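Visitor: Just passing along the structure, written as structure tokens.
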Amino acid sequence: MCGVIGVAGLNNVAELVYLGLYALQHRGQESAGIVAVDADGIARGHRGMGLVPDVFTPRVLSELPGDLAVGHTRYSTAGSSALLNAQPSLVHYHAGPLALSHNGNLTNAEPLRDDLVRRGSIFQSSSDAEVLVHLIARSEGKTPEDQIIDALQQVEGAYTLILTIGRTMYGIVDPRGFRPLVLAELNGGWVLASETCAMDIIGARPVRELEPGEWIKIEDGKVIDLPPLPLKEPHRCVFELIYFSRPDSIVFGTSVDLVRRELGRQLAREHPAPGADCVFSVPDSANAMALGFAEQSGIKLEHGLIRNHYVGRTFINPGQASRTEKVRIKFNPVREVMQGQRIVVVDDSLVRGTTSTALVRMIREAGAREVHMRLASPPITGPCYYGIDTPTREELIAATLSIEEIRQQLGVDTLGYLSLDGVLAAAGNAEGRFCHACFSGKYPTEIPQGYAKLQHHREDALMVETDLIHTRQ
Ligand code: AMP
């Protein structure tokens, strides 16, 4: 998954983009980047591996002057974790420097890339963003906008894009609207970002969320609506509300915090835990859900697990080895809360089961008498092809084991998963607008063939530790 942001029409925007990226850090922790364009149309970029404050120093930011900038935080779902895949992509284009930040996953990137390579395109990275850049550059369209449209008509899957060409910025959401994008206003300038939490940090006032298929351009201080992309049935990613987005954001027109509380209440209705002494969350993603569970059930809410905030999200580091080790580093039980108690542990989801198995062991060792696990989403039975890092079916615990087998593997006394209807009711699914393929198997696009094997398979042999990248019209 990734976080994207763009700011136009304000001085020293790189600093604002930096702050926005800081607020979007949860959407990607592998790499971060900013490209800024100055009044003469010169684009300067900096990208690096690691967290936003590690990649950007005051010196680097001072070397990114301009009143137009686009930024990106990344973790890899397509393409490996390497500097060359860090975004924004920045290339020379006939109409000026072109910078692109992409959130999502193209489901037909592989055949498109193969075709482009056959026709002579040379790729520097294995990211989907570079496929888009080549499609735009190679299009026969007369204007940049014709070329963008032409490129978008060839791609399938999830793409929320912030794009700059010369001194114009574009915001684009794919016709199904898998990933969010918000427009905000700040002192006469404009901000586009994945989530409203990025607006809050810079004091921007959210104006509206882009609809599925919408694309806008920001030019000379004005926001211009462009003809929407050919409409498809909306499929907002419900996992954004369950897990991915920050609870203080408004995503898909709804407060993530309120949805999560309702998920917790619904979970308590569907899977109560009568006789339990206390309930606590697996922090932080399930905090609001545990709150809702406690509210609905009347069971006392506790802080049972303390999370070390200096460890990144466990899943975000690709590779099973790093995931397994990190669980113990990340959480520690509060023994006084556990000893002799019948406890309910609420988590938002169960993916591979590795975190939860280790946690339950830890909780039992801390003296809990009974452990009742409650999950605020249904069993994840299929991978996501649209940008969430759940790559292969074999790795998903619920794809191969029954709920009773999972209960045994986790070592809990009872296990309860929220139903899909419960999730959709809590998310306010009045118009049936969500993608829930990871739970239901109902994929709204064709599933790419051999996808599991494609993940992270490409070697980035050309990885170079470049620092500043420049391009001039
Ligand atoms: P596990 O017990 O290994 O299945 O891990 C479950 C934990 O992973 C839960 O606490 C979730 O909050 C978290 N989680 C769920 N989906 C993802 C994801 N795509 N990336 C990172 N963490 C996730």
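If you're wondering about the labels, chains in the structure tokens are A, B, ... by order shown, residues count from 1 in each chain, ligands from 1 in order shown.
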Using only C-alpha atoms and all ligand atoms, which residues have at least one atom no more than 7 Å from ligand 1? Output them as a list in words.

Guide: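 If we count only C-alpha atoms and all ligand atoms, the neighbours of ligand 1 turn out to be Tyr243, Val282, Ser285, Ala286, Arg313, Thr314, Phe315, Ile316, Asp347, Asp348, Ser349, Leu350, Val351, Arg352, Gly353, Thr354, Thr355, Ser356, Thr357, Ile388, Asp389 and Thr390 of chain A.
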
Visitor: Using only C-alpha atoms, which protein or nucleic acid residues come within 12 Å of stretch 436-445 of chain A? Drop anything in the same chain fewer than 3 positions from it, and give the result as number ranges by chain.

Guide: A: 105-108, 155-158, 175-178, 232-242, 349-351, 377-393, 396, 398-399, 417-421, 423-424, 427, 429, 432-433, 448

Visitor: In Å to one decimal, how far is atom CA of A:Asp67 from atom CA of A:Ala8?

Guide: 5.9 Å

Visitor: Can you pull out every residue within 6 Å of stretch 340-342 of chain A, counting only C-alpha atoms, but drop anything in the same chain fewer than 6 positions away, and send it as a compact mmCIF listing (two decimals) with N, CA and C atoms, in the first residue's frame?

Guide:
# COMPACT_ATOMS: atom_id res chain seq x y z
N ALA A 276 -16.80 -13.00 30.75
CA ALA A 276 -15.41 -12.52 30.67
C ALA A 276 -15.20 -11.37 31.65
N ASP A 277 -13.96 -11.26 32.16
CA ASP A 277 -13.66 -10.22 33.15
C ASP A 277 -13.25 -8.89 32.50
N GLY A 367 -0.44 -15.17 32.55
CA GLY A 367 -1.34 -15.62 33.61
C GLY A 367 -2.83 -15.62 33.31
N ALA A 368 -3.22 -15.34 32.05
CA ALA A 368 -4.65 -15.33 31.74
C ALA A 368 -5.25 -16.72 31.95
N ARG A 369 -6.47 -16.75 32.50
CA ARG A 369 -7.14 -18.04 32.77
C ARG A 369 -7.84 -18.53 31.50
N GLU A 370 -8.54 -17.62 30.85
CA GLU A 370 -9.22 -17.97 29.59
C GLU A 370 -8.91 -16.87 28.57

Visitor: Would you mind telling me which residue in A:Asp40, A:Glu30, A:Asp220, A:Glu63 lies nearest to A:Val13 when using only C-alpha atoms?

Guide: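 Ranking A:Asp40, A:Glu30, A:Asp220, A:Glu63 by distance to A:Val13, first place goes to A:Glu63.
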
Visitor: Could you state the separation of atom CA of A:Leu51 and atom CA of A:Gln29 in Å, given to one decimal place?

Guide: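 Interatomic distance here is 5.5 Å.
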
Visitor: Ranking A:Lys300, A:Tyr170, A:Thr196, A:Asp225 by minimum distance to A:Pro247 and counting only C-alpha atoms, which one comes first?

Guide: A:Thr196

Visitor: By how many Å are atom CA of A:Pro228 and atom CA of A:Pro212 apart?

Guide: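 Value for the atom CA of A:Pro228-atom CA of A:Pro212 distance: 8.6 Å.
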
Visitor: Could you go through stretch 353-382 of chain A and tell me which residues DSSP, when run on the backbone, assigns to helix (DSSP H, G or I), listing them as a PDB file with all heavy atoms, in the first residue's frame?

Guide:
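The result, written out as result-v8.pdb:
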ATOM      1  N   THR A 354       0.344 -15.411  12.386  1.00  0.00           N
ATOM      2  CA  THR A 354       1.637 -15.463  13.097  1.00  0.00           C
ATOM      3  C   THR A 354       1.658 -14.509  14.295  1.00  0.00           C
ATOM      4  O   THR A 354       2.069 -14.898  15.388  1.00  0.00           O
ATOM      5  CB  THR A 354       2.802 -15.124  12.140  1.00  0.00           C
ATOM      6  OG1 THR A 354       2.434 -13.984  11.369  1.00  0.00           O
ATOM      7  CG2 THR A 354       3.107 -16.264  11.219  1.00  0.00           C
ATOM      8  N   THR A 355       1.173 -13.282  14.085  1.00  0.00           N
ATOM      9  CA  THR A 355       1.149 -12.316  15.191  1.00  0.00           C
ATOM     10  C   THR A 355       0.292 -12.850  16.317  1.00  0.00           C
ATOM     11  O   THR A 355       0.696 -12.859  17.488  1.00  0.00           O
ATOM     12  CB  THR A 355       0.523 -10.968  14.725  1.00  0.00           C
ATOM     13  OG1 THR A 355       1.075 -10.607  13.484  1.00  0.00           O
ATOM     14  CG2 THR A 355       0.725  -9.884  15.751  1.00  0.00           C
ATOM     15  N   SER A 356      -0.901 -13.306  15.955  1.00  0.00           N
ATOM     16  CA  SER A 356      -1.878 -13.684  16.969  1.00  0.00           C
ATOM     17  C   SER A 356      -1.440 -14.912  17.750  1.00  0.00           C
ATOM     18  O   SER A 356      -1.632 -14.981  18.969  1.00  0.00           O
ATOM     19  CB  SER A 356      -3.222 -13.951  16.304  1.00  0.00           C
ATOM     20  OG  SER A 356      -3.487 -12.898  15.425  1.00  0.00           O
ATOM     21  N   THR A 357      -0.841 -15.896  17.083  1.00  0.00           N
ATOM     22  CA  THR A 357      -0.396 -17.101  17.792  1.00  0.00           C
ATOM     23  C   THR A 357       0.639 -16.716  18.852  1.00  0.00           C
ATOM     24  O   THR A 357       0.557 -17.146  20.014  1.00  0.00           O
ATOM     25  CB  THR A 357       0.210 -18.115  16.790  1.00  0.00           C
ATOM     26  OG1 THR A 357      -0.755 -18.331  15.758  1.00  0.00           O
ATOM     27  CG2 THR A 357       0.551 -19.425  17.458  1.00  0.00           C
ATOM     28  N   ALA A 358       1.572 -15.868  18.472  1.00  0.00           N
ATOM     29  CA  ALA A 358       2.603 -15.432  19.426  1.00  0.00           C
ATOM     30  C   ALA A 358       1.988 -14.609  20.554  1.00  0.00           C
ATOM     31  O   ALA A 358       2.367 -14.759  21.721  1.00  0.00           O
ATOM     32  CB  ALA A 358       3.669 -14.620  18.694  1.00  0.00           C
ATOM     33  N   LEU A 359       1.016 -13.790  20.202  1.00  0.00           N
ATOM     34  CA  LEU A 359       0.380 -12.948  21.225  1.00  0.00           C
ATOM     35  C   LEU A 359      -0.370 -13.783  22.250  1.00  0.00           C
ATOM     36  O   LEU A 359      -0.288 -13.540  23.455  1.00  0.00           O
ATOM     37  CB  LEU A 359      -0.614 -11.994  20.558  1.00  0.00           C
ATOM     38  CG  LEU A 359      -0.068 -10.666  20.068  1.00  0.00           C
ATOM     39  CD1 LEU A 359      -1.158  -9.870  19.387  1.00  0.00           C
ATOM     40  CD2 LEU A 359       0.508  -9.867  21.233  1.00  0.00           C
ATOM     41  N   VAL A 360      -1.105 -14.765  21.761  1.00  0.00           N
ATOM     42  CA  VAL A 360      -1.903 -15.604  22.673  1.00  0.00           C
ATOM     43  C   VAL A 360      -0.961 -16.340  23.634  1.00  0.00           C
ATOM     44  O   VAL A 360      -1.219 -16.417  24.843  1.00  0.00           O
ATOM     45  CB  VAL A 360      -2.792 -16.587  21.874  1.00  0.00           C
ATOM     46  CG1 VAL A 360      -3.443 -17.611  22.799  1.00  0.00           C
ATOM     47  CG2 VAL A 360      -3.853 -15.826  21.090  1.00  0.00           C
ATOM     48  N   ARG A 361       0.135 -16.826  23.090  1.00  0.00           N
ATOM     49  CA  ARG A 361       1.117 -17.517  23.954  1.00  0.00           C
ATOM     50  C   ARG A 361       1.601 -16.561  25.044  1.00  0.00           C
ATOM     51  O   ARG A 361       1.658 -16.892  26.218  1.00  0.00           O
ATOM     52  CB  ARG A 361       2.284 -18.002  23.088  1.00  0.00           C
ATOM     53  CG  ARG A 361       3.017 -19.191  23.702  1.00  0.00           C
ATOM     54  CD  ARG A 361       4.143 -19.696  22.827  1.00  0.00           C
ATOM     55  NE  ARG A 361       3.784 -19.863  21.426  1.00  0.00           N
ATOM     56  CZ  ARG A 361       4.446 -19.315  20.410  1.00  0.00           C
ATOM     57  NH1 ARG A 361       5.500 -18.563  20.616  1.00  0.00           N
ATOM     58  NH2 ARG A 361       4.063 -19.525  19.167  1.00  0.00           N
ATOM     59  N   MET A 362       1.886 -15.371  24.641  1.00  0.00           N
ATOM     60  CA  MET A 362       2.374 -14.336  25.562  1.00  0.00           C
ATOM     61  C   MET A 362       1.329 -14.033  26.645  1.00  0.00           C
ATOM     62  O   MET A 362       1.646 -13.910  27.824  1.00  0.00           O
ATOM     63  CB  MET A 362       2.583 -13.072  24.717  1.00  0.00           C
ATOM     64  CG  MET A 362       3.654 -12.153  25.168  1.00  0.00           C
ATOM     65  SD  MET A 362       3.578 -10.731  24.056  1.00  0.00           S
ATOM     66  CE  MET A 362       4.863 -11.081  22.947  1.00  0.00           C
ATOM     67  N   ILE A 363       0.072 -13.950  26.213  1.00  0.00           N
ATOM     68  CA  ILE A 363      -1.017 -13.613  27.141  1.00  0.00           C
ATOM     69  C   ILE A 363      -1.215 -14.753  28.152  1.00  0.00           C
ATOM     70  O   ILE A 363      -1.400 -14.527  29.344  1.00  0.00           O
ATOM     71  CB  ILE A 363      -2.313 -13.326  26.337  1.00  0.00           C
ATOM     72  CG1 ILE A 363      -2.159 -12.009  25.573  1.00  0.00           C
ATOM     73  CG2 ILE A 363      -3.538 -13.299  27.235  1.00  0.00           C
ATOM     74  CD1 ILE A 363      -3.210 -11.765  24.501  1.00  0.00           C
ATOM     75  N   ARG A 364      -1.122 -15.972  27.675  1.00  0.00           N
ATOM     76  CA  ARG A 364      -1.265 -17.117  28.588  1.00  0.00           C
ATOM     77  C   ARG A 364      -0.096 -17.153  29.569  1.00  0.00           C
ATOM     78  O   ARG A 364      -0.291 -17.376  30.764  1.00  0.00           O
ATOM     79  CB  ARG A 364      -1.339 -18.417  27.799  1.00  0.00           C
ATOM     80  CG  ARG A 364      -2.648 -18.589  27.044  1.00  0.00           C
ATOM     81  CD  ARG A 364      -3.104 -20.042  27.110  1.00  0.00           C
ATOM     82  NE  ARG A 364      -4.277 -20.263  26.276  1.00  0.00           N
ATOM     83  CZ  ARG A 364      -5.532 -20.227  26.742  1.00  0.00           C
ATOM     84  NH1 ARG A 364      -5.781 -19.981  28.016  1.00  0.00           N
ATOM     85  NH2 ARG A 364      -6.538 -20.445  25.918  1.00  0.00           N
ATOM     86  N   GLU A 365       1.106 -16.916  29.044  1.00  0.00           N
ATOM     87  CA  GLU A 365       2.284 -16.913  29.934  1.00  0.00           C
ATOM     88  C   GLU A 365       2.170 -15.822  30.992  1.00  0.00           C
ATOM     89  O   GLU A 365       2.725 -15.933  32.083  1.00  0.00           O
ATOM     90  CB  GLU A 365       3.572 -16.719  29.124  1.00  0.00           C
ATOM     91  CG  GLU A 365       3.996 -17.996  28.406  1.00  0.00           C
ATOM     92  CD  GLU A 365       5.066 -17.759  27.339  1.00  0.00           C
ATOM     93  OE1 GLU A 365       5.630 -16.646  27.279  1.00  0.00           O
ATOM     94  OE2 GLU A 365       5.305 -18.694  26.554  1.00  0.00           O
TER      95      GLU A 365
END

Visitor: Within 12 Å of A:Pro97, counting only C-alpha atoms, which residues qualify if same-chain residues fewer than 3 places away don't, as number ranges by chain?

Guide: A: 35-38, 40-45, 69, 88-94, 100, 133, 137, 144, 163-169, 469-473

Visitor: Extract, using only C-alpha atoms, all DNA, RNA and protein residues at most 12 Å from A:Ser139, discarding same-chain residues fewer than 2 positions from it, and format them as JSON, numbers by chain.

Guide: {"A": [93, 94, 116, 132, 133, 134, 135, 136, 137, 141, 142, 143, 144, 145, 146, 147, 148, 149, 150, 151, 152, 153, 154]}

Visitor: Identify, on the basis of only C-alpha atoms, every residue whose closest approach to A:Gly428 does not exceed 12 Å; exclude the query and any residue fewer than 6 positions from it along the same chain; express the result as a list of chain:residue names.

Guide: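 Selected residues are A:Arg236, A:Val238, A:Leu241, A:Phe252, A:Gly253, A:Thr254, A:Ser255, A:Val256, A:Leu258, A:Val259, A:Arg260, A:Glu262, A:Leu263, A:Asp421, A:Gly422, A:Phe434.
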
Visitor: Check the smallest atom-to-atom distance from each of A:Gly171, A:Gly20, A:Gly264, A:Gly411 to A:Met199 using only C-alpha atoms, then report the winner.

Guide: A:Gly20

Visitor: Check the DSSP output for the backbone and give back, as a PyMOL selection string, the residues of stretch 25-122 of chain A in strand (DSSP E or B).

Guide: chain A and resi 31-37+43-49+68-74+89-91+98-103+106
